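Data block below; observations after.
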Amino acid sequence: MLAERPVTPSTLSRKDLPWQIKWDINTCTKCGRCTSVCPVNAIELGVFRKRDVKPPMGLSAKPTAEFSTFYGIRQRTDPAYACIGCAMCNMVCPNNAIEPTRQYDSTTLQFQSNRGGQPRTRGGRRNNAESLLDQIKFIRISMLTDPALDAGRHEFDVRTLLGRVLSPEAEITCHRDHGWKPPVREIYPLVIGGMSFGALSPNMWEGLQMGVAYLNEEMNMPVRICTGEGGCPPRLLRSRFLKYVILQIASGYFGWDEIIHAIPEMKEDPCAIEIKYGQGAKPGDGGLLMWYKVNKLIAAIRGVPAGVSLPSPPTHQTKYSIEEAVAKMIQSMSMAWGFRVPVYPKISASSTSLAVLNNLVRNPYAAGLALDGEDGGTGAAYNVSMNHMGHPIASNLRDCYKALCVAGAQNEIPLIAGGGIGKHGNLAANAAALIMLGASMVQIGKYVMQAGAGCLGSEKDRCNVCNIGVCPKGITSQDPRLYRRLDPEKVAERVVDFYLSFDTELRKVIAPLGRSTSLPVGMSDALGISDKDAAERLDIKYVI
Amino acid sequence: MCRLFALTSRDPVSPMRAVDALNVMKEGHDGSGVGLFLSGLGGPWEELKEYPILSGIFTDAGLARMSEYMTRNGFQSKYSATFKPDVEPPVGTPKRGTYASIAFRIPDEWKGMTQAQVDSNLVQMRLDLRAMGEEKGDIMVFSFWPDTIMIKEVGDPLTIAGYLRLDREELYARHILAQGRQNTNYAINLYACHPFFLEGISTMTNGENTAFVPIREYLTSRGVTGYRGYQSDSEVFTHIAHYTTKRLGLDIRAYKHIITPMNDDEMRDHPDREFLADLKRSCRKLIIDGPNCVIGCLPDGSMFMAQDRKKFRPGVVGGNPELGIYGFSSEICGLNAAIPERDKTKDFQPMHLDTAIVGPDCREVQQCSQNDPLRLQL
């Protein structure tokens, strides 16, 4: 550091940054790809001056100093440009001459990243490495005296129901009297949760839709994908693939004009309608699509001007209360599709979950309840929201399922759990644990981006710039220069791959428990955990 | 794997015939317990068809407490067949007291009640007595129902039969369910011993019910008084049969559609596809996910056997229509021992879609397939 360089409270040295660039002068070809690809401009081309002292032989001659300049890579220490550890520089470097490394004892950036009175916002992860779901073990291994199940060879029925299921008594009465039956969809229990067209790049969206269509039409897996808020491309609305899509309506109602206008031209009904009241990752915050991502296409689909930030209010502003909102919205959405489409709300897992559920149990048109736990979410949110707000999914889901058991409605209102599933890659085990705690199906978002599109984000504050449109892999960017990096065909291929591997793994979990012909919803006797308090709270076995 | 044997006969027969069959089927590790369900009773019970019979085991104090409870509820004892062993029990069998089957006269106040109310009250009284017994350990009650006796004990079936003198004429019955071996998957407890009974319906099972907890939770939330206890994972089978026939008003052919519904391919061409798909959805929580073989007896004396597709070693049904006797057995050797004088070519091993039913007339084995039209009674 130069002696005259000002040292202010926000001055950082490289040592203070959590991610540091290691650059090797000997192998660098100075091609410049790393600096051009860096999404946050953390590195720049640098000109370095070097003094080389040459002592001559003998005693009389004085040493001389030679000055040389050379070119290389310099990491910026301005907090606004701190390296996010995405390692795109390494990915494009022909010689592996550069890479970011994590320095775990650097905490200084935390104190500096909120500048100009603005706390830090970020897209992505909660940055909490713990996962209760990963601690759960499946302990009720079936010692069958008749043929044991074999996950690879036995016949399985891994499907679940989305929609209100009548009680057996009501079903028989309804059949006898030819009454109205609520629509029910038989779907795969792993749903791709709401990530909007707007949040995701067109290539990512196309890849996901193609993957889902392939799974349905070629692999016989009725996988469903939720659109998230922000509408749906008009062509998809008018295509036969709409039946694989759950349309989401949220508090900003973005894109709903388009959807409503397309109803007369829809060839197929959508799989379901999800009314978003809350998200686990930013409970109480509305969604925010920052202006960086509102390009012409997004603006057109959402019916808004381009280049302005699009905040969704945290709640549906036209509604008086959650009870009223749930009832009215479900009613009107059901009506829009002639009561042929299941309609269900999605709420942040919270202390009001039980109250909402109670209303749904008494509402004949309610098709389910999606609970979103704190660990979900990829949208923009303040650090403090993402890290400290919200309810973990496991206990909330368990409470809701037990409330359904008391009401005798546990086969009637499906619970959809999301938030932190597969956070550390254990997708099938996490999903199976939630199903056995009472979820009829689970939804994932982050995992799809990580496994399906190579998202670099991690729970160690790596990358997490989904919100500002600079996604280095082109997953959450609306900038064609970035999203053309992502090949939709490859995304579709990866989505199919991980669904198939999930399917095998799920069977590997449920087969040893002796289940194959029905999903083990609520099979809590199979679960154990070595945390006594957690075991008590979840009402599962305590094992050590 | 438990050994199961059931007999249905036009004329009352000794339960020893079933116990002997269990003994023939026995393997080295068997013999941890025995349970008997007897209905269509013969002998002295012929004249007492209307009177509910309380079956259980009582200590002297328990007997007194039970009598006091019954008297308080206006019940008078009409006839009793009690047995108090005067010899030391076999090794491993506790000394319990009196094994009693007592027929009671229903109080006059009950005369105006509907049959459903009477039934429900009888169940409630059984549950009350059971709860009283669980407090002090002096009363165990297995059934309280007309024309029904249940006996359960820990130990080798044949040894227990000798100890309890099960060849007594007062135990002759037309419909007998017998199971050898105690409950495997949960704690040893006489209430966990098969067969199980509720309002005239009794079933017994061998296999493993991996879906026990969700099914139990579902049944207990149905608001039916008798759906409780659940000391064994198989107890739910009885209650599902009860739920199917009494609550849903379907007949026993629909039972298998509930516990093991057909898959989509099988259902595709079924004439009742729409109803079956809806039934599968609404009763999804009652799918058993075996392997299980279920043998049961209904209030009218019909007996049935069903098993799921995971059961690779199915049971067998066979008998002699002229003699009017049919057996349901988990092993063929048991059937051979109990009814040797039958046409063995007519033995029927129900496969995963089949339910075998023998009516109270004991003339034939009805073979119902899930592929058949259901001819629902809606």
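Residues are referred to by chain and number: the chain letter is A, B, ... according to the order shown in the structure tokens, the number counts from 1 in that chain, and ligands are numbered separately from 1 in the order shown.
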
Do you have, as CSV, the list of residues of chain A lying at most 9 Å from chain B, each with its nearest atom pair and that distance in Å to one decimal, counting only C-alpha atoms and ordered by chain then number?
```
residue,atom,partner,partner_atom,distance
A:Arg140,CA,B:Thr210,CA,8.8
A:Ser142,CA,B:Thr210,CA,7.4
A:Met143,CA,B:Glu208,CA,8.4
A:Leu144,CA,B:Glu208,CA,6.7
A:Thr145,CA,B:Met1,CA,6.6
A:Asp146,CA,B:Lys311,CA,6.4
A:Pro147,CA,B:Phe312,CA,6.8
A:Ala148,CA,B:Lys310,CA,8.4
A:Leu149,CA,B:Lys310,CA,8.3
A:Asp157,CA,B:Asn263,CA,8.1
A:Leu161,CA,B:Arg281,CA,7.9
A:Val165,CA,B:Ser282,CA,5.9
A:Leu166,CA,B:Ser282,CA,5.8
A:Ser167,CA,B:Ser282,CA,5.6
A:Pro168,CA,B:Ser282,CA,5.1
A:Glu169,CA,B:Leu248,CA,6.0
A:Ala170,CA,B:Ser282,CA,9.0
A:Glu171,CA,B:Ser282,CA,6.9
A:Ile172,CA,B:Leu248,CA,7.5
A:Thr173,CA,B:Leu378,CA,8.4
A:His175,CA,B:Phe275,CA,7.2
A:Arg176,CA,B:Leu378,CA,6.2
A:Cys405,CA,B:Ser221,CA,6.2
A:Val406,CA,B:Ser221,CA,6.0
A:Ala407,CA,B:Ser221,CA,6.8
A:Gly408,CA,B:Ser221,CA,4.5
A:Ala409,CA,B:Ser221,CA,8.2
A:Gln410,CA,B:Tyr218,CA,7.3
A:Asn411,CA,B:Lys285,CA,6.5
A:Glu412,CA,B:Ser282,CA,7.6
A:Leu513,CA,B:Thr210,CA,7.0
A:Gly514,CA,B:Thr210,CA,5.8
A:Arg515,CA,B:Asp289,CA,5.7
A:Ser516,CA,B:Asp289,CA,6.6
A:Thr517,CA,B:Asp289,CA,5.8
A:Ser518,CA,B:Ile287,CA,6.8
A:Pro520,CA,B:Ala211,CA,7.3
A:Val521,CA,B:Pro214,CA,7.2
A:Gly522,CA,B:Pro214,CA,5.5
A:Met523,CA,B:Pro214,CA,5.6
A:Ser524,CA,B:Val213,CA,7.2
A:Asp525,CA,B:Val213,CA,6.6
```

Item checked: 9 Å contact set for segment 112-120 of chain B, only C-alpha atoms, chain neighbours under 2 positions out, as number ranges by chain -> B: 108-110, 122-125, 145, 199, 225-226

Show which residues sit within 10 Å of Thr345 of chain B, as a PDB file with N, CA and C atoms, in the first residue's frame. Count only C-alpha atoms, and ignore same-chain residues fewer than 3 positions away.
```
ATOM      1  N   GLY B 318     -60.123 -74.390   1.100  1.00  0.00           N
ATOM      2  CA  GLY B 318     -60.644 -75.630   0.540  1.00  0.00           C
ATOM      3  C   GLY B 318     -61.598 -76.283   1.526  1.00  0.00           C
ATOM      4  N   ARG B 342     -61.577 -83.919   1.430  1.00  0.00           N
ATOM      5  CA  ARG B 342     -62.064 -82.888   0.512  1.00  0.00           C
ATOM      6  C   ARG B 342     -61.455 -83.130  -0.870  1.00  0.00           C
ATOM      7  N   PHE B 348     -58.424 -73.483  -3.462  1.00  0.00           N
ATOM      8  CA  PHE B 348     -58.247 -72.195  -4.133  1.00  0.00           C
ATOM      9  C   PHE B 348     -57.217 -71.359  -3.379  1.00  0.00           C
TER      10      PHE B 348
END
```

Next item on the list: Could you tell me, as a PyMOL selection string, which residues of segment 58-148 of chain A DSSP assigns to alpha helix (DSSP H) when given the backbone?
Entry: chain A and resi 88-92+108-112+132-135

For the residues selected in the previous step, produce a file with N, CA and C atoms as a PDB file, in the first residue's frame.
```pdb
ATOM      1  N   MET A  88     -15.992 -17.956 -11.990  1.00  0.00           N
ATOM      2  CA  MET A  88     -16.104 -17.893 -13.450  1.00  0.00           C
ATOM      3  C   MET A  88     -14.732 -17.606 -14.063  1.00  0.00           C
ATOM      4  N   CYS A  89     -13.909 -16.826 -13.327  1.00  0.00           N
ATOM      5  CA  CYS A  89     -12.580 -16.525 -13.833  1.00  0.00           C
ATOM      6  C   CYS A  89     -11.803 -17.811 -14.083  1.00  0.00           C
ATOM      7  N   ASN A  90     -11.932 -18.731 -13.137  1.00  0.00           N
ATOM      8  CA  ASN A  90     -11.234 -19.998 -13.291  1.00  0.00           C
ATOM      9  C   ASN A  90     -11.841 -20.809 -14.435  1.00  0.00           C
ATOM     10  N   MET A  91     -13.158 -20.679 -14.571  1.00  0.00           N
ATOM     11  CA  MET A  91     -13.821 -21.473 -15.598  1.00  0.00           C
ATOM     12  C   MET A  91     -13.378 -21.073 -17.002  1.00  0.00           C
ATOM     13  N   VAL A  92     -13.069 -19.790 -17.175  1.00  0.00           N
ATOM     14  CA  VAL A  92     -12.686 -19.363 -18.528  1.00  0.00           C
ATOM     15  C   VAL A  92     -11.173 -19.338 -18.735  1.00  0.00           C
ATOM     16  N   THR A 108     -14.724  -8.762   7.983  1.00  0.00           N
ATOM     17  CA  THR A 108     -14.808  -7.310   7.901  1.00  0.00           C
ATOM     18  C   THR A 108     -15.817  -6.831   6.860  1.00  0.00           C
ATOM     19  N   LEU A 109     -15.906  -7.551   5.769  1.00  0.00           N
ATOM     20  CA  LEU A 109     -16.814  -7.107   4.707  1.00  0.00           C
ATOM     21  C   LEU A 109     -18.255  -6.998   5.209  1.00  0.00           C
ATOM     22  N   GLN A 110     -18.585  -7.870   6.148  1.00  0.00           N
ATOM     23  CA  GLN A 110     -19.936  -7.822   6.706  1.00  0.00           C
ATOM     24  C   GLN A 110     -20.280  -6.447   7.265  1.00  0.00           C
ATOM     25  N   PHE A 111     -19.265  -5.782   7.801  1.00  0.00           N
ATOM     26  CA  PHE A 111     -19.522  -4.484   8.413  1.00  0.00           C
ATOM     27  C   PHE A 111     -19.539  -3.364   7.389  1.00  0.00           C
ATOM     28  N   GLN A 112     -19.109  -3.678   6.168  1.00  0.00           N
ATOM     29  CA  GLN A 112     -18.922  -2.633   5.178  1.00  0.00           C
ATOM     30  C   GLN A 112     -19.866  -2.740   3.996  1.00  0.00           C
ATOM     31  N   LEU A 132     -31.818 -29.395   9.645  1.00  0.00           N
ATOM     32  CA  LEU A 132     -32.440 -30.404  10.499  1.00  0.00           C
ATOM     33  C   LEU A 132     -32.826 -31.632   9.673  1.00  0.00           C
ATOM     34  N   LEU A 133     -33.256 -31.363   8.443  1.00  0.00           N
ATOM     35  CA  LEU A 133     -33.712 -32.474   7.604  1.00  0.00           C
ATOM     36  C   LEU A 133     -32.591 -33.486   7.382  1.00  0.00           C
ATOM     37  N   ASP A 134     -31.366 -32.971   7.304  1.00  0.00           N
ATOM     38  CA  ASP A 134     -30.249 -33.891   7.092  1.00  0.00           C
ATOM     39  C   ASP A 134     -29.953 -34.748   8.318  1.00  0.00           C
ATOM     40  N   GLN A 135     -30.426 -34.327   9.468  1.00  0.00           N
ATOM     41  CA  GLN A 135     -30.161 -35.118  10.686  1.00  0.00           C
ATOM     42  C   GLN A 135     -31.123 -36.287  10.850  1.00  0.00           C
TER      43      GLN A 135
END
```

Note to self: Between atom CA of Ile102 of chain B and atom CA of Ala178 of chain B, what distance in Å does the model show, to one decimal?
What the structure shows: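 Taking atom CA of Ile102 of chain B and atom CA of Ala178 of chain B, their separation equals 20.6 Å.
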
Next item on the list: Step one, run DSSP on the backbone; step two, keep only residues of segment 5-84 of chain B assigned to strand (DSSP E or B); then write them as a ChimeraX atom specification.
Entry: /B:5-13,33-41,52-58,76-83

Next item on the list: For atom CA of Thr148 of chain B and atom CA of His239 of chain B, quote the distance in Å rounded to one decimal.
Entry: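 Computed distance, atom CA of Thr148 of chain B to atom CA of His239 of chain B, equals 17.1 Å.
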
Item checked: Distance criterion (only C-alpha atoms): nearest to His257 of chain B out of B:Leu198, B:Asp308, B:Lys26, B:Gln367 ->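 Among the listed residues, the smallest separation from His257 of chain B belongs to B:Asp308.
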
Next item on the list: Name the closest residue to Pro94 of chain A among the candidates A:Thr27, A:Ser239, A:Thr476, A:Asn396; distances are taken between atoms, counting only C-alpha atoms.
Entry: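 Going through A:Thr27, A:Ser239, A:Thr476, A:Asn396 one by one, the smallest distance to Pro94 of chain A is for A:Thr27.
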
Notebook entry, point to check: Which residues, written as a list in words, have at least one atom at most 10 Å from Cys400 of chain A, with only C-alpha atoms counted and residues fewer than 5 positions away on the same chain left out?
Noted result: Ala349, Ser353, Leu354, Ala355, Val356, Leu357, Asn358, Leu369, Leu371, Ser395, Cys405, Val406, Gln410, Leu415, Leu437, Gly438 and Ala439 of chain A

Keeping only N, CA, C and O atoms, take the residues you just selected and write them out as a short mmCIF file (atom, residue, chain, number, x, y, z; two decimals), in the first residue's frame.
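Contents of result-v1.cif, as written:
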```
data_model
loop_
_atom_site.label_atom_id
_atom_site.label_comp_id
_atom_site.auth_asym_id
_atom_site.auth_seq_id
_atom_site.Cartn_x
_atom_site.Cartn_y
_atom_site.Cartn_z
N ALA A 349 -44.28 -20.57 5.93
CA ALA A 349 -44.47 -21.35 7.16
C ALA A 349 -44.39 -20.34 8.30
O ALA A 349 -43.42 -19.58 8.39
N SER A 353 -49.97 -20.50 10.18
CA SER A 353 -50.24 -21.61 9.25
C SER A 353 -51.45 -22.43 9.67
O SER A 353 -52.29 -22.81 8.85
N LEU A 354 -51.53 -22.69 10.96
CA LEU A 354 -52.63 -23.53 11.45
C LEU A 354 -53.97 -22.85 11.24
O LEU A 354 -54.97 -23.50 10.91
N ALA A 355 -53.99 -21.52 11.42
CA ALA A 355 -55.24 -20.79 11.24
C ALA A 355 -55.68 -20.85 9.78
O ALA A 355 -56.85 -21.07 9.47
N VAL A 356 -54.71 -20.67 8.90
CA VAL A 356 -55.04 -20.73 7.47
C VAL A 356 -55.53 -22.13 7.11
O VAL A 356 -56.54 -22.30 6.43
N LEU A 357 -54.83 -23.12 7.63
CA LEU A 357 -55.20 -24.50 7.35
C LEU A 357 -56.63 -24.80 7.83
O LEU A 357 -57.42 -25.43 7.14
N ASN A 358 -56.93 -24.29 9.00
CA ASN A 358 -58.25 -24.50 9.56
C ASN A 358 -59.33 -23.95 8.63
O ASN A 358 -60.37 -24.56 8.43
N LEU A 369 -52.55 -26.87 0.69
CA LEU A 369 -51.86 -25.75 1.32
C LEU A 369 -50.36 -25.94 1.12
O LEU A 369 -49.81 -26.97 1.49
N LEU A 371 -46.74 -24.85 2.18
CA LEU A 371 -46.02 -24.20 3.28
C LEU A 371 -44.59 -23.99 2.83
O LEU A 371 -43.94 -24.92 2.39
N SER A 395 -41.02 -28.40 11.61
CA SER A 395 -41.96 -28.34 12.74
C SER A 395 -43.29 -27.75 12.31
O SER A 395 -44.36 -28.15 12.78
N CYS A 405 -54.78 -34.46 11.23
CA CYS A 405 -55.13 -35.76 11.82
C CYS A 405 -56.25 -35.59 12.84
O CYS A 405 -57.16 -36.42 12.92
N VAL A 406 -56.15 -34.54 13.62
CA VAL A 406 -57.19 -34.31 14.63
C VAL A 406 -58.52 -34.05 13.94
O VAL A 406 -59.58 -34.53 14.35
N GLN A 410 -56.71 -35.70 6.99
CA GLN A 410 -55.33 -35.82 6.51
C GLN A 410 -55.20 -36.39 5.11
O GLN A 410 -54.16 -36.32 4.52
N LEU A 415 -50.74 -31.27 1.91
CA LEU A 415 -49.78 -30.26 2.34
C LEU A 415 -48.57 -30.33 1.42
O LEU A 415 -48.05 -31.41 1.14
N LEU A 437 -43.17 -36.85 7.47
CA LEU A 437 -43.68 -35.95 8.51
C LEU A 437 -45.08 -35.45 8.15
O LEU A 437 -45.72 -34.80 8.96
N GLY A 438 -45.53 -35.72 6.94
CA GLY A 438 -46.91 -35.37 6.63
C GLY A 438 -47.14 -34.62 5.33
O GLY A 438 -48.28 -34.30 5.01
N ALA A 439 -46.08 -34.33 4.59
CA ALA A 439 -46.29 -33.61 3.34
C ALA A 439 -46.78 -34.57 2.26
O ALA A 439 -46.28 -35.68 2.16
#
```

Polymer residues at most 7 Å from Gly33 of chain B, only C-alpha atoms, same-chain spacing of 4 or more positions, as a PDB file with C-alpha atoms, in the first residue's frame:
```
ATOM      1  CA  GLU B 153     -53.076 -66.705  25.757  1.00  0.00           C
ATOM      2  CA  VAL B 154     -49.313 -66.728  25.538  1.00  0.00           C
ATOM      3  CA  GLY B 155     -47.673 -70.087  24.861  1.00  0.00           C
ATOM      4  CA  ASP B 156     -47.610 -72.992  22.444  1.00  0.00           C
ATOM      5  CA  PRO B 157     -51.119 -73.457  20.950  1.00  0.00           C
ATOM      6  CA  GLY B 180     -50.634 -69.366  16.465  1.00  0.00           C
ATOM      7  CA  ARG B 181     -47.851 -67.055  17.613  1.00  0.00           C
ATOM      8  CA  GLN B 182     -47.842 -63.754  19.324  1.00  0.00           C
TER       9      GLN B 182
END
```

Next item on the list: Counting only C-alpha atoms, figure out which residue out of B:Gly74, B:Gly334, B:Pro89, B:Gly200 gets nearest to Gly296 of chain B.
Entry: B:Gly200

Notebook entry, point to check: Nearest to Pro311 of chain A among A:Gly286, A:Gly419, A:Pro392, A:Pro182, with distances taken over only C-alpha atoms: which residue is it?
Noted result: A:Gly286

Next item on the list: Write out as an NGL selection string each polymer residue whose atoms come within 9 Å of Met441 of chain A, counting only C-alpha atoms; drop sequence neighbours fewer than 6 positions from it.
Entry: :A and (159-162 or 187-191 or 414-418 or 431 or 434-435 or 521)

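Counting from atom CA of Trp45 of chain B, the distance to atom CA of Ala356 of chain B is 28.7 Å.
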